[in-house]
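*Asks:* Input run_36.tsv, format and content: TSV, C-alpha atoms.
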```tsv
chain	number	residue	atom	x	y	z
A	163	PRO	CA	117.26	97.20	100.73
A	164	LEU	CA	118.42	97.18	97.13
A	165	ASN	CA	114.95	98.02	95.80
A	166	GLU	CA	115.04	101.29	97.80
A	167	ALA	CA	118.52	102.35	96.69
A	168	GLN	CA	117.23	104.74	94.01
A	169	ARG	CA	115.03	106.61	96.54
A	170	TYR	CA	117.99	106.88	98.91
A	171	LEU	CA	120.34	108.12	96.20
A	172	GLN	CA	117.83	110.76	95.04
A	173	ASP	CA	117.50	112.35	98.49
A	174	PRO	CA	119.32	110.63	101.38
A	175	LEU	CA	118.01	112.96	104.11
A	176	THR	CA	114.38	112.53	103.10
A	177	TYR	CA	114.84	108.77	102.94
A	178	ILE	CA	116.48	108.56	106.37
A	179	ALA	CA	113.96	110.96	107.92
A	180	ALA	CA	111.08	108.82	106.67
A	181	HIS	CA	112.66	105.72	108.20
A	182	CYS	CA	112.98	107.62	111.50
A	183	GLY	CA	109.33	108.68	111.33
A	184	VAL	CA	110.02	112.42	111.06
A	185	SER	CA	109.95	115.09	108.36
A	186	LYS	CA	113.09	116.09	106.50
A	187	ALA	CA	113.05	119.53	108.21
A	188	HIS	CA	112.78	117.89	111.66
A	189	TYR	CA	115.58	115.48	110.81
A	190	GLU	CA	117.82	118.35	109.66
A	191	ARG	CA	117.22	120.23	112.98
A	192	TRP	CA	117.98	117.03	114.91
A	193	LEU	CA	121.11	116.38	112.84
A	194	GLU	CA	122.41	119.90	113.60
A	195	HIS	CA	121.73	119.23	117.31
A	196	TRP	CA	123.38	115.79	117.18
A	197	ARG	CA	126.53	117.11	115.49
A	198	LEU	CA	126.89	120.03	117.91
A	199	PRO	CA	124.70	119.66	121.02
A	200	VAL	CA	124.65	123.25	122.26
A	201	CYS	CA	121.94	125.76	123.11
A	202	THR	CA	120.79	127.41	119.89
A	203	HIS	CA	118.92	130.26	121.57
A	204	SER	CA	119.83	133.46	119.73
A	205	THR	CA	119.87	137.06	120.83
A	206	THR	CA	120.59	140.20	118.86
A	207	VAL	CA	123.35	141.11	121.31
A	208	ASP	CA	125.49	138.01	121.90
A	209	GLY	CA	124.59	135.56	119.13
A	210	ARG	CA	123.95	131.97	120.23
A	211	CYS	CA	124.02	130.95	123.88
A	212	ALA	CA	126.06	127.84	122.93
A	213	LYS	CA	125.97	126.20	126.38
A	214	PRO	CA	126.33	122.41	126.06
A	215	VAL	CA	123.08	120.44	126.15
A	216	GLU	CA	122.43	116.71	126.44
A	217	PRO	CA	122.32	115.16	122.95
A	218	VAL	CA	119.14	113.29	122.01
A	219	PRO	CA	120.09	110.08	120.17
A	220	ASP	CA	116.65	109.45	118.60
A	221	PRO	CA	115.40	111.92	115.95
A	222	ALA	CA	111.76	111.09	116.78
A	223	ALA	CA	112.32	112.03	120.45
A	224	PHE	CA	114.00	115.36	119.61
A	225	ARG	CA	111.94	118.51	120.33
A	226	SER	CA	113.16	121.71	118.74
A	227	GLY	CA	113.18	124.59	121.25
A	228	ILE	CA	113.45	122.13	124.13
A	229	ASN	CA	116.31	119.69	123.49
A	230	ASP	CA	118.37	122.26	121.59
A	231	HIS	CA	118.08	124.89	124.34
A	232	CYS	CA	119.72	125.00	127.76
A	233	GLU	CA	117.48	124.98	130.81
A	234	ALA	CA	117.53	128.78	131.04
A	235	HIS	CA	116.32	129.19	127.44
A	236	GLN	CA	113.76	126.39	127.10
A	237	GLY	CA	110.44	127.92	126.08
A	238	VAL	CA	112.01	131.34	125.50
A	239	SER	CA	111.54	132.86	122.05
A	240	SER	CA	114.71	133.95	120.30
A	241	SER	CA	115.08	137.56	119.29
A	242	VAL	CA	116.67	136.27	116.10
A	243	GLY	CA	115.59	132.96	114.57
A	244	HIS	CA	117.91	129.95	114.59
```
So, in terms of structure tokens, how does the structure I just supplied come out?
*Replies:*
Amino acid sequence: PLNEAQRYLQDPLTYIAAHCGVSKAHYERWLEHWRLPVCTHSTTVDGRCAKPVEPVPDPAAFRSGINDHCEAHQGVSSSVGH
């Protein structure tokens, strides 16, 4: 709506995240997943796993560490953060 345009223009990601019912940080993790749906599990040896994963179309349904990890790496801590 026009009366919300200023809030959107000040910080589009925060505005969109709020409308999706998630935090800006959660929305940013989901957006990275949506743009490139691959396993983000990291190791010190090989870098990211990068196996394709099923994209989650709804930011509120996205679970970091689950939906952005392949089956082999779900619930496994990364040696290096992602």
*Asks:* Which distance in Å separates CA of Ala222 in chain A and CA of Thr176 in chain A, to one decimal?
*Replies:*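 Here the two named atoms are 14.0 Å from each other.
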*Asks:* Counting all atoms listed in the file, figure out which residue out of A:Val215, A:Val238, A:Leu164, A:Ile178 gets nearest to Arg197 in chain A.
*Replies:*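 Ranking A:Val215, A:Val238, A:Leu164, A:Ile178 by distance to Arg197 in chain A, first place goes to A:Val215.
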*Asks:* Quick one: distance from CA of Asp230 in chain A to CA of Glu194 in chain A in Å, one decimal?
*Replies:*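 Computing the Euclidean distance for CA of Asp230 in chain A and CA of Glu194 in chain A yields 9.3 Å.
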*Asks:* Extract, using only C-alpha atoms, all DNA, RNA and protein residues at most 8 Å from Trp196 in chain A, discarding same-chain residues fewer than 6 positions from it, and format them as JSON, numbers by chain.
*Replies:* {"A": [217, 218, 219]}
*Asks:* From the list A:Ala212, A:Val207, A:Ile228, A:Ala167, which residue is nearest Trp192 in chain A when using only C-alpha atoms?
*Replies:*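 Of all the options, A:Ile228 lies closest to Trp192 in chain A.
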*Asks:* Do a neighbour search on Ser185 in chain A at 10 Å with all atoms listed in the file, toss out local chain neighbours closer than 4 positions, and write the hits as an MDAnalysis selection string.
*Replies:* chainID A and resid 175:181 189:190 221:222
*Asks:* Could you tell me how far CA of Pro163 in chain A sits from CA of His188 in chain A, in Å to one decimal place?
*Replies:* 23.8 Å
*Asks:* Let me make sure I understand: among A:Gly209, A:Asp173, A:Glu166, A:Cys201, which one has the smallest atom-to-atom distance to His231 in chain A if we use all atoms listed in the file?
*Replies:* A:Cys201
